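Heads up, query_12.txt below (compact mmCIF, C-alpha atoms):
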# COMPACT_ATOMS: atom_id res chain seq x y z
CA MET A 1 9.33 -1.47 -19.33
CA LYS A 2 7.42 0.44 -22.00
CA ILE A 3 5.46 3.68 -21.59
CA VAL A 4 3.55 6.03 -23.87
CA ASP A 5 4.78 9.54 -24.50
CA ALA A 6 1.82 11.01 -22.60
CA THR A 7 3.19 9.51 -19.37
CA ARG A 8 6.47 11.36 -19.79
CA LEU A 9 4.68 14.59 -20.72
CA ILE A 10 2.41 14.42 -17.65
CA LEU A 11 5.44 14.07 -15.38
CA GLN A 12 7.21 16.90 -17.18
CA ARG A 13 4.16 19.14 -16.75
CA LYS A 14 4.04 18.42 -13.01
CA ILE A 15 7.71 19.35 -12.69
CA PHE A 16 7.13 22.57 -14.61
CA GLU A 17 4.14 23.51 -12.43
CA LEU A 18 6.11 22.88 -9.24
CA GLU A 19 9.02 24.97 -10.46
CA GLU A 20 6.71 27.83 -11.42
CA ARG A 21 5.24 28.11 -7.89
CA ILE A 22 8.05 26.67 -5.81
CA GLU A 23 8.25 29.70 -3.49
CA GLU A 24 4.52 29.78 -2.79
CA SER A 25 2.65 27.59 -0.32
CA ASP A 26 -0.51 25.82 -1.52
CA MET A 27 -3.67 24.83 0.28
CA SER A 28 -6.21 22.14 -0.60
CA ILE A 29 -9.55 21.22 0.96
CA SER A 30 -10.93 17.69 0.85
CA TRP A 31 -13.85 15.71 2.28
CA HIS A 32 -12.95 12.60 4.29
CA ASP A 33 -14.72 10.57 6.97
CA GLY A 34 -17.66 12.96 7.11
CA GLN A 35 -15.70 16.17 7.55
CA TYR A 36 -13.67 18.72 5.63
CA TRP A 37 -9.88 18.60 5.83
CA ARG A 38 -7.56 21.49 4.99
CA GLN A 39 -3.99 20.69 4.02
CA GLU A 40 -1.29 23.26 3.41
CA THR A 41 1.84 22.43 1.44
CA SER A 42 4.82 24.62 2.32
CA SER A 43 7.51 25.69 -0.13
CA GLU A 44 9.95 23.35 1.65
CA GLU A 45 7.61 20.41 1.07
CA LYS A 46 7.22 21.43 -2.56
CA ARG A 47 11.00 21.39 -2.98
CA GLU A 48 11.04 17.83 -1.63
CA HIS A 49 8.28 16.87 -4.05
CA LEU A 50 10.20 18.47 -6.90
CA LEU A 51 13.30 16.40 -6.13
CA LEU A 52 11.17 13.25 -6.13
CA ARG A 53 9.54 14.17 -9.44
CA LYS A 54 12.94 14.81 -11.00
CA ALA A 55 14.17 11.48 -9.68
CA ASP A 56 11.12 9.83 -11.25
CA ARG A 57 11.93 11.51 -14.56
CA ALA A 58 15.52 10.31 -14.42
CA TRP A 59 14.35 6.79 -13.64
CA LEU A 60 11.94 6.82 -16.59
CA GLU A 61 14.70 8.01 -18.91
CA ASP A 62 17.05 5.24 -17.77
CA ASN A 63 14.62 2.33 -17.47
CA THR A 64 11.77 2.76 -19.94
CA GLU A 65 11.17 2.92 -23.66
CA ILE A 66 8.48 5.01 -25.30
CA ILE A 67 6.20 3.10 -27.67
CA PRO A 68 3.37 4.44 -29.84
CA ALA A 69 -0.17 4.43 -28.49
CA GLU A 70 -1.37 2.37 -31.42
CA GLY A 71 -3.43 -0.81 -31.30
CA ASN A 72 -5.40 -3.10 -33.57
CA ARG A 73 -8.81 -2.57 -31.98
CA ASP A 74 -11.01 0.49 -31.75
CA PRO A 75 -13.16 1.26 -28.71
CA SER A 76 -16.78 0.18 -29.05
CA PRO A 77 -19.45 2.85 -29.68
CA GLU A 78 -20.66 2.39 -26.09
CA LEU A 79 -17.47 4.10 -24.91
CA ALA A 80 -18.13 7.29 -26.87
CA PRO A 81 -19.35 9.21 -23.76
CA LEU A 82 -16.15 8.23 -21.94
CA ILE A 83 -13.98 9.44 -24.82
CA GLU A 84 -15.99 12.65 -25.07
CA ARG A 85 -15.42 13.39 -21.40
CA PHE A 86 -11.77 12.36 -20.97
CA GLY A 87 -10.45 12.43 -24.52
CA SER A 88 -9.09 9.66 -26.71
CA GLY A 89 -5.82 9.75 -24.76
CA PHE A 90 -7.64 7.93 -21.96
CA PHE A 91 -6.96 4.71 -23.89
CA ASP A 92 -3.32 5.41 -24.80
CA GLU A 93 -1.79 2.89 -22.41
CA ILE A 94 -4.31 0.23 -23.37
CA ARG A 95 -3.77 0.80 -27.09
CA ALA A 96 0.00 0.63 -26.64
CA ALA A 97 -0.19 -2.60 -24.64
CA GLU A 98 -2.60 -4.17 -27.14
CA GLY A 99 -0.58 -3.14 -30.17
CA ALA A 100 2.71 -4.35 -28.71
CA GLY A 101 1.28 -7.50 -27.12
CA LEU A 102 2.32 -6.40 -23.62
CA LEU A 103 0.89 -6.71 -20.13
CA LEU A 104 -0.83 -3.55 -18.87
CA LEU A 105 0.51 -2.36 -15.52
CA SER A 106 -2.01 -0.16 -13.72
CA GLU A 107 -3.27 0.38 -10.17
CA ASP A 108 -6.71 1.23 -11.59
CA LEU A 109 -8.96 -1.83 -11.32
CA LEU A 110 -11.60 -0.33 -13.60
CA LEU A 111 -9.02 0.51 -16.26
CA ARG A 112 -7.66 -3.05 -16.16
CA GLY A 113 -11.20 -4.40 -16.46
CA LEU A 114 -11.90 -2.13 -19.41
CA ALA A 115 -8.66 -3.21 -21.09
CA LEU A 116 -9.58 -6.87 -20.74
CA PHE A 117 -13.23 -6.51 -21.77
CA GLU A 118 -12.78 -4.11 -24.68
CA PHE A 119 -9.27 -4.84 -25.96
CA ARG A 120 -8.49 -8.35 -24.65
CA VAL A 121 -5.44 -6.91 -22.86
CA GLN A 122 -4.33 -8.67 -19.69
CA GLY A 123 -3.35 -6.42 -16.82
CA THR A 124 -1.90 -6.42 -13.34
CA TRP A 125 -0.92 -3.96 -10.61
CA LEU A 126 2.45 -3.23 -9.10
CA GLN A 127 2.55 -5.47 -6.04
CA PRO A 128 2.25 -8.78 -7.95
CA VAL A 129 5.15 -7.61 -10.12
CA LEU A 130 7.21 -6.93 -7.00
CA MET A 131 6.23 -10.33 -5.58
CA PHE A 132 7.34 -12.00 -8.82
CA ALA A 133 10.65 -10.16 -8.65
CA LEU A 134 11.12 -11.26 -5.03
CA ASP A 135 10.25 -14.91 -5.75
CA HIS A 136 12.69 -14.99 -8.67
CA LYS A 137 15.45 -13.28 -6.65
CA MET A 138 15.40 -10.21 -8.86
CA MET A 139 15.14 -8.11 -5.68
CA THR A 140 16.13 -8.77 -2.08
CA PRO A 141 13.66 -9.06 0.82
CA ASP A 142 14.93 -5.70 2.12
CA GLU A 143 14.28 -4.09 -1.27
CA TYR A 144 10.82 -5.63 -1.42
CA ARG A 145 9.96 -4.39 2.08
CA ALA A 146 11.19 -0.90 1.22
CA ALA A 147 9.08 -0.93 -1.95
CA ILE A 148 5.94 -1.99 -0.05
CA ILE A 149 6.49 0.71 2.56
CA GLY A 150 6.90 3.18 -0.28
CA LEU A 151 3.51 2.12 -1.67
CA ILE A 152 1.94 2.47 1.77
CA ASP A 153 3.47 5.92 2.28
CA ALA A 154 2.15 6.90 -1.16
CA LYS A 155 -1.37 6.00 0.04
CA PHE A 156 -1.84 3.03 -2.29
CA GLU A 157 -5.05 1.45 -1.06
CA PHE A 158 -4.80 -2.24 -1.92
CA ILE A 159 -1.61 -3.56 -0.35
CA SER A 160 -1.34 -7.18 0.76
CA VAL A 161 0.94 -7.98 3.70
CA GLY A 162 1.95 -11.40 4.98
CA ALA A 163 3.59 -12.72 8.12
CA PRO A 164 7.12 -12.93 6.62
CA LEU A 165 6.97 -9.26 5.65
CA ILE A 166 5.75 -8.18 9.09
CA VAL A 167 8.32 -10.30 10.92
CA SER A 168 11.15 -9.01 8.74
CA SER A 169 10.30 -5.44 9.74
CA VAL A 170 11.36 -6.07 13.35
CA PHE A 171 14.16 -8.56 12.72
CA GLY A 172 17.41 -7.42 14.29
CA THR A 173 15.80 -4.46 16.08
CA ASP A 174 17.91 -3.09 18.93
CA GLY A 175 16.56 -1.14 21.86
CA ASN A 176 12.97 -0.91 22.97
CA ALA A 177 11.19 1.08 20.24
CA LEU A 178 9.18 -0.56 17.46
CA PRO A 179 10.54 0.35 14.00
CA ARG A 180 8.57 2.72 11.81
CA GLU A 181 8.60 0.01 9.12
CA PHE A 182 6.65 -2.30 11.42
CA GLU A 183 4.05 0.36 12.18
CA ALA A 184 3.67 1.19 8.50
CA ILE A 185 3.18 -2.42 7.43
CA ILE A 186 0.70 -3.42 10.14
CA SER A 187 -1.38 -0.32 9.34
CA ARG A 188 -2.74 -2.45 6.49
CA LEU A 189 -4.17 -5.01 8.91
CA GLY A 190 -7.66 -4.71 10.36
CA GLY A 191 -10.39 -2.21 9.64
CA ASN A 192 -14.05 -2.73 8.88
CA LYS A 193 -13.33 -3.61 5.23
CA ALA A 194 -10.84 -6.34 6.09
CA ASP A 195 -11.36 -10.05 5.57
CA ILE A 196 -11.14 -10.74 9.29
CA ALA A 197 -10.22 -14.42 8.94
CA SER A 198 -7.30 -13.66 6.61
CA HIS A 199 -6.04 -10.68 8.62
CA LEU A 200 -6.37 -12.59 11.87
CA ARG A 201 -4.33 -15.47 10.50
CA VAL A 202 -1.55 -13.17 9.27
CA ALA A 203 -1.47 -11.22 12.54
CA TYR A 204 -1.39 -14.36 14.68
CA GLN A 205 1.36 -16.02 12.64
CA SER A 206 3.40 -12.82 12.87
CA ALA A 207 2.83 -12.55 16.61
CA VAL A 208 3.97 -16.12 17.25
CA ARG A 209 7.16 -15.73 15.22
CA ILE A 210 8.03 -12.40 16.82
CA TRP A 211 7.25 -13.69 20.32
CA GLU A 212 9.58 -16.67 19.82
CA ASP A 213 12.48 -14.52 18.56
CA GLU A 214 14.59 -14.30 21.71
CA SER A 215 17.09 -12.02 19.97
CA LEU A 216 14.51 -9.25 20.40
CA SER A 217 14.05 -7.50 23.71
CA GLU A 218 11.02 -8.43 25.78
CA THR A 219 9.73 -4.89 25.33
CA ILE A 220 9.85 -5.19 21.54
CA ARG A 221 8.16 -8.59 21.56
CA GLN A 222 5.39 -7.47 23.87
CA GLY A 223 4.96 -4.18 22.04
CA ALA A 224 4.69 -5.90 18.65
CA VAL A 225 2.12 -8.43 19.88
CA GLY A 226 0.13 -5.67 21.56
CA ARG A 227 0.06 -3.59 18.36
CA LEU A 228 -1.03 -6.62 16.33
CA LEU A 229 -3.87 -7.23 18.80
CA GLU A 230 -4.94 -3.61 18.44
CA ARG A 231 -4.93 -3.82 14.65
CA VAL A 232 -7.07 -6.96 14.36
CA VAL A 233 -9.83 -5.49 16.56
CA ASP A 234 -9.66 -2.02 15.00
CA GLU A 235 -13.11 -0.82 13.81
CA ARG A 236 -14.73 -4.09 14.92
CA ASN A 237 -17.86 -4.12 17.04
CA PRO A 238 -17.52 -5.44 20.63
CA THR A 239 -18.88 -8.88 19.75
CA GLU A 240 -16.44 -9.36 16.86
CA ALA A 241 -13.53 -7.96 18.87
CA ARG A 242 -14.18 -10.32 21.77
CA ALA A 243 -14.43 -13.31 19.41
CA VAL A 244 -11.08 -12.41 17.85
CA LEU A 245 -9.32 -11.91 21.16
CA GLU A 246 -10.80 -15.05 22.67
CA SER A 247 -9.56 -17.11 19.71
CA TRP A 248 -6.01 -15.91 20.36
CA LEU A 249 -6.29 -16.55 24.08
CA VAL A 250 -7.65 -20.08 23.70
CA THR A 251 -5.03 -21.02 21.11
CA GLU A 252 -2.18 -19.66 23.21
CA SER A 253 -3.38 -21.32 26.43
CA ASN A 254 -2.70 -24.70 24.79
CA ARG A 255 0.71 -23.79 23.35
CA PRO A 256 3.81 -24.27 25.53
CA GLY A 257 5.73 -21.05 25.99
CA GLY A 258 2.94 -19.09 24.38
CA MET A 259 1.63 -15.58 24.84
CA HIS A 260 -1.26 -16.53 27.13
CA HIS A 261 -0.07 -14.60 30.19
CA TYR A 262 0.85 -11.52 28.18
CA ILE A 263 -2.51 -11.49 26.35
CA THR A 264 -4.32 -11.84 29.67
CA SER A 265 -2.40 -8.85 31.03
CA TRP A 266 -3.05 -6.92 27.82
CA LEU A 267 -6.79 -7.53 28.12
CA ARG A 268 -6.75 -6.42 31.74
CA GLY A 269 -4.78 -3.29 30.86
CA HIS A 270 -7.33 -2.41 28.17
CA PHE A 271 -10.28 -3.11 30.50
CA ILE A 272 -11.55 -5.92 28.24
CA THR A 273 -13.38 -8.92 29.69
CA LEU A 274 -14.16 -12.00 27.62
Go ahead and express the file in the form of structure tokens.
Amino acid sequence: MKIVDATRLILQRKIFELEERIEESDMSISWHDGQYWRQETSSEEKREHLLLRKADRAWLEDNTEIIPAEGNRDPSPELAPLIERFGSGFFDEIRAAEGAGLLLLSEDLLLRGLALFEFRVQGTWLQPVLMFALDHKMMTPDEYRAAIIGLIDAKFEFISVGAPLIVSSVFGTDGNALPREFEAIISRLGGNKADIASHLRVAYQSAVRIWEDESLSETIRQGAVGRLLERVVDERNPTEARAVLESWLVTESNRPGGMHHYITSWLRGHFITL
């Protein structure tokens, strides 16, 4: 993997800033969901962040190579306001990828679009790279799941989850408590921005496979199906929610050994009538 020197310097600056104020707590105020949120970061949390930053620096030193931010194309005059506001370094990664003939790896959709339109540089984001590594056995399913959970914990917004990933998060679970991994992964299902058909299909396939895994306790199987039901109706209006739940109920009523009786009890327990 190749990076530009600015990437290393940014990380080094963050480490320096943490070390300078490591004994002091910080507070930030943000606006989210129509209200202000205040978040305080303690010195203990800052020490944890510092260890992570240092680990990132060590990983960069061991696994990346610095290349010059030089390309063969110049930004068009239309981008002058952007350069004036953010500086010419805004294009460093794009210039480096274009000059070296490399794929641009970035979570920023707009940056990838700009790279393609202005510099003819193809780009991707991290999850497809991880999926490629998994498909080509360059990482194990456990490593892939851990990486996806890491992205979720880091608040990456666009994370795709499939039934095999969800099912793997409960495989081999002992006892009667759902694993944190399962809860983290299914948090990316549902919501008012979701493609309901796609999310419903993934949730249903996961529910069927988990329900049929008799190595899991009945409590785990019922708990997992219940949480999946909750996720697919999350932030849906009553009409949409009823349509989703009815589709599950009808499908399961025609499947031997299905979840029909459990779903009926779940609906009753949540005071939902179809």
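Using all atoms listed in the file, the smallest distance between any of A:Gly101, A:Gly258, A:Gly191, A:Gly175 and Val225 (chain A) comes from A:Gly258.
Proximity to Val233 (chain A) was assessed for A:Lys137, A:Arg221, A:Arg209, A:His199 counting all atoms listed in the file; the smallest distance is recorded for A:His199.
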So which residues touch region 242-254 of chain A within 8 Å, counting all atoms listed in the file, skipping near sequence neighbours fewer than 3 positions away, as a short mmCIF file (atom, residue, chain, number, x, y, z; two decimals) with C-alpha atoms, keeping the file's coordinate frame?
data_model
loop_
_atom_site.label_atom_id
_atom_site.label_comp_id
_atom_site.auth_asym_id
_atom_site.auth_seq_id
_atom_site.Cartn_x
_atom_site.Cartn_y
_atom_site.Cartn_z
CA LEU A 200 -6.37 -12.59 11.87
CA TYR A 204 -1.39 -14.36 14.68
CA LEU A 229 -3.87 -7.23 18.80
CA VAL A 232 -7.07 -6.96 14.36
CA VAL A 233 -9.83 -5.49 16.56
CA PRO A 238 -17.52 -5.44 20.63
CA THR A 239 -18.88 -8.88 19.75
CA GLY A 258 2.94 -19.09 24.38
CA MET A 259 1.63 -15.58 24.84
CA HIS A 260 -1.26 -16.53 27.13
CA ILE A 263 -2.51 -11.49 26.35
CA THR A 264 -4.32 -11.84 29.67
CA LEU A 274 -14.16 -12.00 27.62
#
So which residues are close to (13.1, 8.8, -15.1), meaning at most 12 Å away in the file's coordinates with only C-alpha atoms counted, and can you show them as a CSV table (one decimal) with C-alpha atoms, in the frame of the given file?
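And here is the file that came out, result_10.csv:
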chain,number,residue,atom,x,y,z
A,1,MET,CA,9.3,-1.5,-19.3
A,3,ILE,CA,5.5,3.7,-21.6
A,7,THR,CA,3.2,9.5,-19.4
A,8,ARG,CA,6.5,11.4,-19.8
A,9,LEU,CA,4.7,14.6,-20.7
A,11,LEU,CA,5.4,14.1,-15.4
A,12,GLN,CA,7.2,16.9,-17.2
A,51,LEU,CA,13.3,16.4,-6.1
A,52,LEU,CA,11.2,13.2,-6.1
A,53,ARG,CA,9.5,14.2,-9.4
A,54,LYS,CA,12.9,14.8,-11.0
A,55,ALA,CA,14.2,11.5,-9.7
A,56,ASP,CA,11.1,9.8,-11.2
A,57,ARG,CA,11.9,11.5,-14.6
A,58,ALA,CA,15.5,10.3,-14.4
A,59,TRP,CA,14.4,6.8,-13.6
A,60,LEU,CA,11.9,6.8,-16.6
A,61,GLU,CA,14.7,8.0,-18.9
A,62,ASP,CA,17.0,5.2,-17.8
A,63,ASN,CA,14.6,2.3,-17.5
A,64,THR,CA,11.8,2.8,-19.9
A,65,GLU,CA,11.2,2.9,-23.7
A,66,ILE,CA,8.5,5.0,-25.3
Q | Cut-off 7 Å around (0.7, -9.8, 9.4) with only C-alpha atoms: residues as JSON, numbers by chain | A | {"A": [161, 162, 163, 166, 186, 189, 199, 202, 203, 206]}
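One finds CA of Ser187 (chain A) at 25.0 Å from CA of Ser28 (chain A).
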Q: Provide the CA of His261 (chain A) to CA of Ile210 (chain A) distance in Å, to one decimal place.
A: 15.8 Å
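The interatomic distance for the pair CA of Glu98 (chain A) and CA of Gly71 (chain A) works out to 5.4 Å.
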**Q.** Selection: 12 Å around Phe117 (chain A), all atoms listed in the file, excl. self and same-chain fewer than 6 positions, as a ChimeraX atom specification
**A.** /A:73,75-76,79,94,110-111,123
With C-alpha atoms retained, write the just-selected residues as a PDB file, in the coordinates of the input.
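Output (selection.pdb):
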ATOM      1  CA  ARG A  73      -8.810  -2.570 -31.980  1.00  0.00           C
ATOM      2  CA  PRO A  75     -13.160   1.260 -28.710  1.00  0.00           C
ATOM      3  CA  SER A  76     -16.780   0.180 -29.050  1.00  0.00           C
ATOM      4  CA  LEU A  79     -17.470   4.100 -24.910  1.00  0.00           C
ATOM      5  CA  ILE A  94      -4.310   0.230 -23.370  1.00  0.00           C
ATOM      6  CA  LEU A 110     -11.600  -0.330 -13.600  1.00  0.00           C
ATOM      7  CA  LEU A 111      -9.020   0.510 -16.260  1.00  0.00           C
ATOM      8  CA  GLY A 123      -3.350  -6.420 -16.820  1.00  0.00           C
TER       9      GLY A 123
END
Test item: residues at most 7 Å from Val4 (chain A), all atoms listed in the file, excluding those fewer than 4 positions along its chain, as a CSV table (one decimal) with C-alpha atoms, in the frame of the given file:
chain,number,residue,atom,x,y,z
A,66,ILE,CA,8.5,5.0,-25.3
A,67,ILE,CA,6.2,3.1,-27.7
A,68,PRO,CA,3.4,4.4,-29.8
A,69,ALA,CA,-0.2,4.4,-28.5
A,92,ASP,CA,-3.3,5.4,-24.8
A,93,GLU,CA,-1.8,2.9,-22.4
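Considering all atoms listed in the file, the residue among A:Pro164, A:Pro179, A:Gly190, A:Gly257 positioned nearest to Glu214 (chain A) is A:Gly257.
Take the candidates A:Arg85, A:Arg201, A:Arg120, A:Arg231 and check each one against Gly99 (chain A) using only C-alpha atoms; the shortest distance goes to A:Arg120.
Each of A:Ala100, A:Val208, A:Ile149, A:Ile159 was checked against Trp125 (chain A) using all atoms listed in the file; the smallest atom-to-atom distance is that of A:Ile159.
Excluding Gln122 (chain A) and any residue on its chain fewer than 5 positions from it, the residues at most 8 Å away by all atoms listed in the file are Leu103, Leu104, Arg112, Ala115 and Leu116 of chain A.
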Q. Neighbours of Ser42 (chain A) within 8 Å (all atoms listed in the file; same-chain residues fewer than 5 positions away dropped), as a PyMOL selection string?
A. chain A and resi 24-26
Generate the missing atoms of region 150-161 of chain A up to all heavy atoms and report them as a compact mmCIF listing (two decimals), in the coordinates of the input.
# COMPACT_ATOMS: atom_id res chain seq x y z
N GLY A 150 7.06 2.05 0.62
CA GLY A 150 6.90 3.18 -0.28
C GLY A 150 5.49 3.28 -0.83
O GLY A 150 4.92 4.38 -0.91
N LEU A 151 4.90 2.14 -1.17
CA LEU A 151 3.51 2.12 -1.67
C LEU A 151 2.54 2.56 -0.56
O LEU A 151 1.59 3.29 -0.82
CB LEU A 151 3.14 0.73 -2.17
CG LEU A 151 3.90 0.21 -3.39
CD1 LEU A 151 3.43 -1.20 -3.74
CD2 LEU A 151 3.71 1.13 -4.59
N ILE A 152 2.80 2.09 0.64
CA ILE A 152 1.94 2.47 1.77
C ILE A 152 2.05 3.97 2.03
O ILE A 152 1.03 4.65 2.22
CB ILE A 152 2.32 1.67 3.03
CG1 ILE A 152 1.99 0.18 2.83
CG2 ILE A 152 1.60 2.21 4.27
CD1 ILE A 152 2.50 -0.73 3.93
N ASP A 153 3.27 4.49 2.04
CA ASP A 153 3.47 5.92 2.28
C ASP A 153 2.83 6.76 1.18
O ASP A 153 2.41 7.90 1.42
CB ASP A 153 4.97 6.24 2.36
CG ASP A 153 5.61 5.71 3.65
OD1 ASP A 153 4.85 5.38 4.59
OD2 ASP A 153 6.85 5.62 3.70
N ALA A 154 2.75 6.19 -0.04
CA ALA A 154 2.15 6.90 -1.16
C ALA A 154 0.63 6.75 -1.18
O ALA A 154 -0.02 7.18 -2.13
CB ALA A 154 2.73 6.40 -2.48
N LYS A 155 0.08 6.13 -0.13
CA LYS A 155 -1.37 6.00 0.04
C LYS A 155 -2.01 5.04 -0.97
O LYS A 155 -3.18 5.19 -1.31
CB LYS A 155 -2.07 7.36 -0.05
CG LYS A 155 -1.48 8.44 0.84
CD LYS A 155 -1.50 8.06 2.30
CE LYS A 155 -0.95 9.19 3.17
NZ LYS A 155 -0.83 8.80 4.60
N PHE A 156 -1.23 4.06 -1.47
CA PHE A 156 -1.84 3.03 -2.29
C PHE A 156 -2.81 2.25 -1.41
O PHE A 156 -2.47 1.87 -0.29
CB PHE A 156 -0.78 2.09 -2.86
CG PHE A 156 -0.06 2.63 -4.07
CD1 PHE A 156 0.50 3.90 -4.07
CD2 PHE A 156 0.04 1.86 -5.22
CE1 PHE A 156 1.16 4.40 -5.18
CE2 PHE A 156 0.70 2.35 -6.34
CZ PHE A 156 1.26 3.62 -6.32
N GLU A 157 -4.00 2.01 -1.92
CA GLU A 157 -5.05 1.45 -1.06
C GLU A 157 -4.96 -0.06 -0.89
O GLU A 157 -5.10 -0.57 0.21
CB GLU A 157 -6.42 1.82 -1.63
CG GLU A 157 -7.57 1.38 -0.73
CD GLU A 157 -8.92 1.88 -1.21
OE1 GLU A 157 -8.96 2.65 -2.19
OE2 GLU A 157 -9.94 1.51 -0.61
N PHE A 158 -4.74 -0.78 -1.99
CA PHE A 158 -4.80 -2.24 -1.92
C PHE A 158 -3.39 -2.81 -1.84
O PHE A 158 -2.73 -3.04 -2.86
CB PHE A 158 -5.55 -2.80 -3.13
CG PHE A 158 -6.97 -2.33 -3.19
CD1 PHE A 158 -7.36 -1.38 -4.10
CD2 PHE A 158 -7.91 -2.84 -2.31
CE1 PHE A 158 -8.68 -0.93 -4.15
CE2 PHE A 158 -9.23 -2.41 -2.35
CZ PHE A 158 -9.61 -1.46 -3.27
N ILE A 159 -2.93 -3.00 -0.61
CA ILE A 159 -1.61 -3.56 -0.35
C ILE A 159 -1.79 -4.82 0.51
O ILE A 159 -2.41 -4.78 1.56
CB ILE A 159 -0.70 -2.57 0.40
CG1 ILE A 159 -0.55 -1.27 -0.38
CG2 ILE A 159 0.67 -3.19 0.66
CD1 ILE A 159 0.15 -1.40 -1.70
N SER A 160 -1.25 -5.92 0.02
CA SER A 160 -1.34 -7.18 0.76
C SER A 160 -0.06 -7.38 1.57
O SER A 160 1.05 -7.21 1.05
CB SER A 160 -1.51 -8.34 -0.23
OG SER A 160 -1.48 -9.58 0.45
N VAL A 161 -0.22 -7.72 2.85
CA VAL A 161 0.94 -7.98 3.70
C VAL A 161 0.81 -9.37 4.30
O VAL A 161 -0.29 -9.81 4.65
CB VAL A 161 1.10 -6.92 4.81
CG1 VAL A 161 1.28 -5.55 4.21
CG2 VAL A 161 -0.08 -6.92 5.76
